[in-house]
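Asks: A single structure is presented below for examination.
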Amino acid sequence: MARGKIQIKRIENTTNRQVTYSKRRNGLFKKANELTVLCDAKVSIIMFSSTGKLHEYISPSVSTKQFFDQYQMTVGIDLWNSHYENMQENLKKLKDVNRNLRKEIRQRMGDCLNDLSMEELRLLEEEMDKAAKAIRERKYKVITNQIDTQRKKFNNEREVHNRLLRDLDARAEDGRFEMMESGAADYESVIGFSNLGPRMFALTLQPTHPANNPHNTGQQQPASDLTTYPLLF
């Protein structure tokens, strides 16, 4: 049964259009490869889909540059001439921009001011004032952030210090703890570095149960536990 003719027009359905493009593209590349093998021809195909995706085929016996060089020699045109001119024009513009920027930098550093008019000097002064203001605001912001950070650290350290003092006061009020008298044990009761400096107090924990008489039982009386606490005044 003969295949019916398909009307050549744009396929509206996106999925069907993409499927048709993929099938016919593969068929076209297959035909190009057959021409290359059977006829020793040099074939190049460049295709862009509706989504902008590039697909290309070129005969294995020639590179893309060689193919287009041969095309230019055969046709007698220069494909890259206009592109080269555009590149040269763009390069010239970039050099002008670079030269102007370098000049502005030197002027902001106090050089190349002789050629400026009074109005240009006034505008330059205003720009410098705005730049200095922006830098000053940024510096103040950084300093403020650093002060806030240090203040938070100080408050945290003070809270820890106060909590330790409260904990020590609570232990001192406990009847199980007592200050060791100087010379009453192997430890010094109080070690003070200065009247206003940090001090170390040694506290001994009295046993809850009375110890057995070592003369009656022959057992040695257990030593009391010793706990030291640093106090910051």
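Please note that chains go A, B, ... in the order of the structure tokens, that every chain numbers its residues from 1, and that ligands are numbered from 1 in the order shown.
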What's around segment 52-65 of chain A at 10 Å? Count only C-alpha atoms, leave out sequence neighbours fewer than 2 positions away in its own chain, and write the answer as a ChimeraX atom specification.

Replies: /A:25,28-30,32-33,35-37,40-50,67-71

Asks: Residues as selected, N, CA and C atoms, written as a PDB file, in the first residue's frame, can you do that?

Replies:
ATOM      1  N   ARG A  25      16.706  14.022  10.973  1.00  0.00           N
ATOM      2  CA  ARG A  25      18.117  14.393  11.149  1.00  0.00           C
ATOM      3  C   ARG A  25      19.000  13.160  11.043  1.00  0.00           C
ATOM      4  N   LEU A  28      19.160  12.107   7.453  1.00  0.00           N
ATOM      5  CA  LEU A  28      20.013  12.993   6.668  1.00  0.00           C
ATOM      6  C   LEU A  28      21.483  12.699   6.908  1.00  0.00           C
ATOM      7  N   PHE A  29      21.862  12.485   8.151  1.00  0.00           N
ATOM      8  CA  PHE A  29      23.248  12.161   8.462  1.00  0.00           C
ATOM      9  C   PHE A  29      23.645  10.815   7.857  1.00  0.00           C
ATOM     10  N   LYS A  30      22.701   9.876   7.824  1.00  0.00           N
ATOM     11  CA  LYS A  30      22.966   8.576   7.219  1.00  0.00           C
ATOM     12  C   LYS A  30      23.237   8.716   5.724  1.00  0.00           C
ATOM     13  N   ALA A  32      24.349  11.425   4.241  1.00  0.00           N
ATOM     14  CA  ALA A  32      25.626  12.105   4.084  1.00  0.00           C
ATOM     15  C   ALA A  32      26.784  11.134   4.241  1.00  0.00           C
ATOM     16  N   ASN A  33      26.673  10.231   5.188  1.00  0.00           N
ATOM     17  CA  ASN A  33      27.737   9.237   5.377  1.00  0.00           C
ATOM     18  C   ASN A  33      27.834   8.304   4.178  1.00  0.00           C
ATOM     19  N   LEU A  35      27.095   9.085   1.059  1.00  0.00           N
ATOM     20  CA  LEU A  35      27.765   9.851   0.008  1.00  0.00           C
ATOM     21  C   LEU A  35      29.272   9.898   0.240  1.00  0.00           C
ATOM     22  N   THR A  36      29.677  10.027   1.486  1.00  0.00           N
ATOM     23  CA  THR A  36      31.106  10.085   1.790  1.00  0.00           C
ATOM     24  C   THR A  36      31.799   8.775   1.444  1.00  0.00           C
ATOM     25  N   VAL A  37      31.166   7.654   1.779  1.00  0.00           N
ATOM     26  CA  VAL A  37      31.789   6.347   1.554  1.00  0.00           C
ATOM     27  C   VAL A  37      31.709   5.933   0.086  1.00  0.00           C
ATOM     28  N   ASP A  40      33.279   9.108  -2.204  1.00  0.00           N
ATOM     29  CA  ASP A  40      34.484   9.803  -1.737  1.00  0.00           C
ATOM     30  C   ASP A  40      34.264  11.311  -1.727  1.00  0.00           C
ATOM     31  N   ALA A  41      33.093  11.709  -1.286  1.00  0.00           N
ATOM     32  CA  ALA A  41      32.750  13.135  -1.251  1.00  0.00           C
ATOM     33  C   ALA A  41      33.047  13.705   0.128  1.00  0.00           C
ATOM     34  N   LYS A  42      33.190  15.019   0.180  1.00  0.00           N
ATOM     35  CA  LYS A  42      33.387  15.734   1.434  1.00  0.00           C
ATOM     36  C   LYS A  42      32.087  16.458   1.756  1.00  0.00           C
ATOM     37  N   VAL A  43      31.441  16.017   2.802  1.00  0.00           N
ATOM     38  CA  VAL A  43      30.113  16.518   3.148  1.00  0.00           C
ATOM     39  C   VAL A  43      30.159  17.117   4.546  1.00  0.00           C
ATOM     40  N   SER A  44      29.520  18.256   4.704  1.00  0.00           N
ATOM     41  CA  SER A  44      29.395  18.903   6.016  1.00  0.00           C
ATOM     42  C   SER A  44      27.964  19.366   6.182  1.00  0.00           C
ATOM     43  N   ILE A  45      27.376  19.038   7.327  1.00  0.00           N
ATOM     44  CA  ILE A  45      26.004  19.440   7.639  1.00  0.00           C
ATOM     45  C   ILE A  45      26.013  20.084   9.023  1.00  0.00           C
ATOM     46  N   ILE A  46      25.419  21.245   9.103  1.00  0.00           N
ATOM     47  CA  ILE A  46      25.272  21.953  10.376  1.00  0.00           C
ATOM     48  C   ILE A  46      23.790  22.236  10.571  1.00  0.00           C
ATOM     49  N   MET A  47      23.254  21.805  11.695  1.00  0.00           N
ATOM     50  CA  MET A  47      21.831  21.949  11.964  1.00  0.00           C
ATOM     51  C   MET A  47      21.626  22.515  13.367  1.00  0.00           C
ATOM     52  N   PHE A  48      20.625  23.385  13.507  1.00  0.00           N
ATOM     53  CA  PHE A  48      20.199  23.902  14.797  1.00  0.00           C
ATOM     54  C   PHE A  48      18.722  23.587  14.968  1.00  0.00           C
ATOM     55  N   SER A  49      18.386  22.958  16.064  1.00  0.00           N
ATOM     56  CA  SER A  49      16.987  22.644  16.330  1.00  0.00           C
ATOM     57  C   SER A  49      16.243  23.900  16.753  1.00  0.00           C
ATOM     58  N   SER A  50      14.929  23.780  16.941  1.00  0.00           N
ATOM     59  CA  SER A  50      14.119  24.928  17.361  1.00  0.00           C
ATOM     60  C   SER A  50      14.472  25.392  18.771  1.00  0.00           C
ATOM     61  N   PHE A  67      37.543  22.136   5.507  1.00  0.00           N
ATOM     62  CA  PHE A  67      36.345  22.178   4.673  1.00  0.00           C
ATOM     63  C   PHE A  67      35.979  23.617   4.319  1.00  0.00           C
ATOM     64  N   PHE A  68      35.985  24.499   5.297  1.00  0.00           N
ATOM     65  CA  PHE A  68      35.605  25.889   5.039  1.00  0.00           C
ATOM     66  C   PHE A  68      36.707  26.642   4.289  1.00  0.00           C
ATOM     67  N   ASP A  69      37.967  26.271   4.506  1.00  0.00           N
ATOM     68  CA  ASP A  69      39.040  26.882   3.723  1.00  0.00           C
ATOM     69  C   ASP A  69      38.876  26.536   2.242  1.00  0.00           C
ATOM     70  N   GLN A  70      38.556  25.281   1.979  1.00  0.00           N
ATOM     71  CA  GLN A  70      38.333  24.879   0.588  1.00  0.00           C
ATOM     72  C   GLN A  70      37.116  25.581  -0.003  1.00  0.00           C
ATOM     73  N   TYR A  71      36.097  25.771   0.825  1.00  0.00           N
ATOM     74  CA  TYR A  71      34.904  26.486   0.361  1.00  0.00           C
ATOM     75  C   TYR A  71      35.239  27.935   0.006  1.00  0.00           C
TER      76      TYR A  71
END

Asks: Please identify the helix (DSSP H, G or I) residues within segment 15-192 of chain A (assignment by DSSP from backbone atoms) and present them as a PyMOL selection string.

Replies: chain A and resi 15-39+64-75+81-108+118-173

Asks: Would you compute the distance between atom CA of Arg151 of chain A and atom CA of Glu137 of chain A? Give it in Å to one decimal.

Replies: 20.9 Å
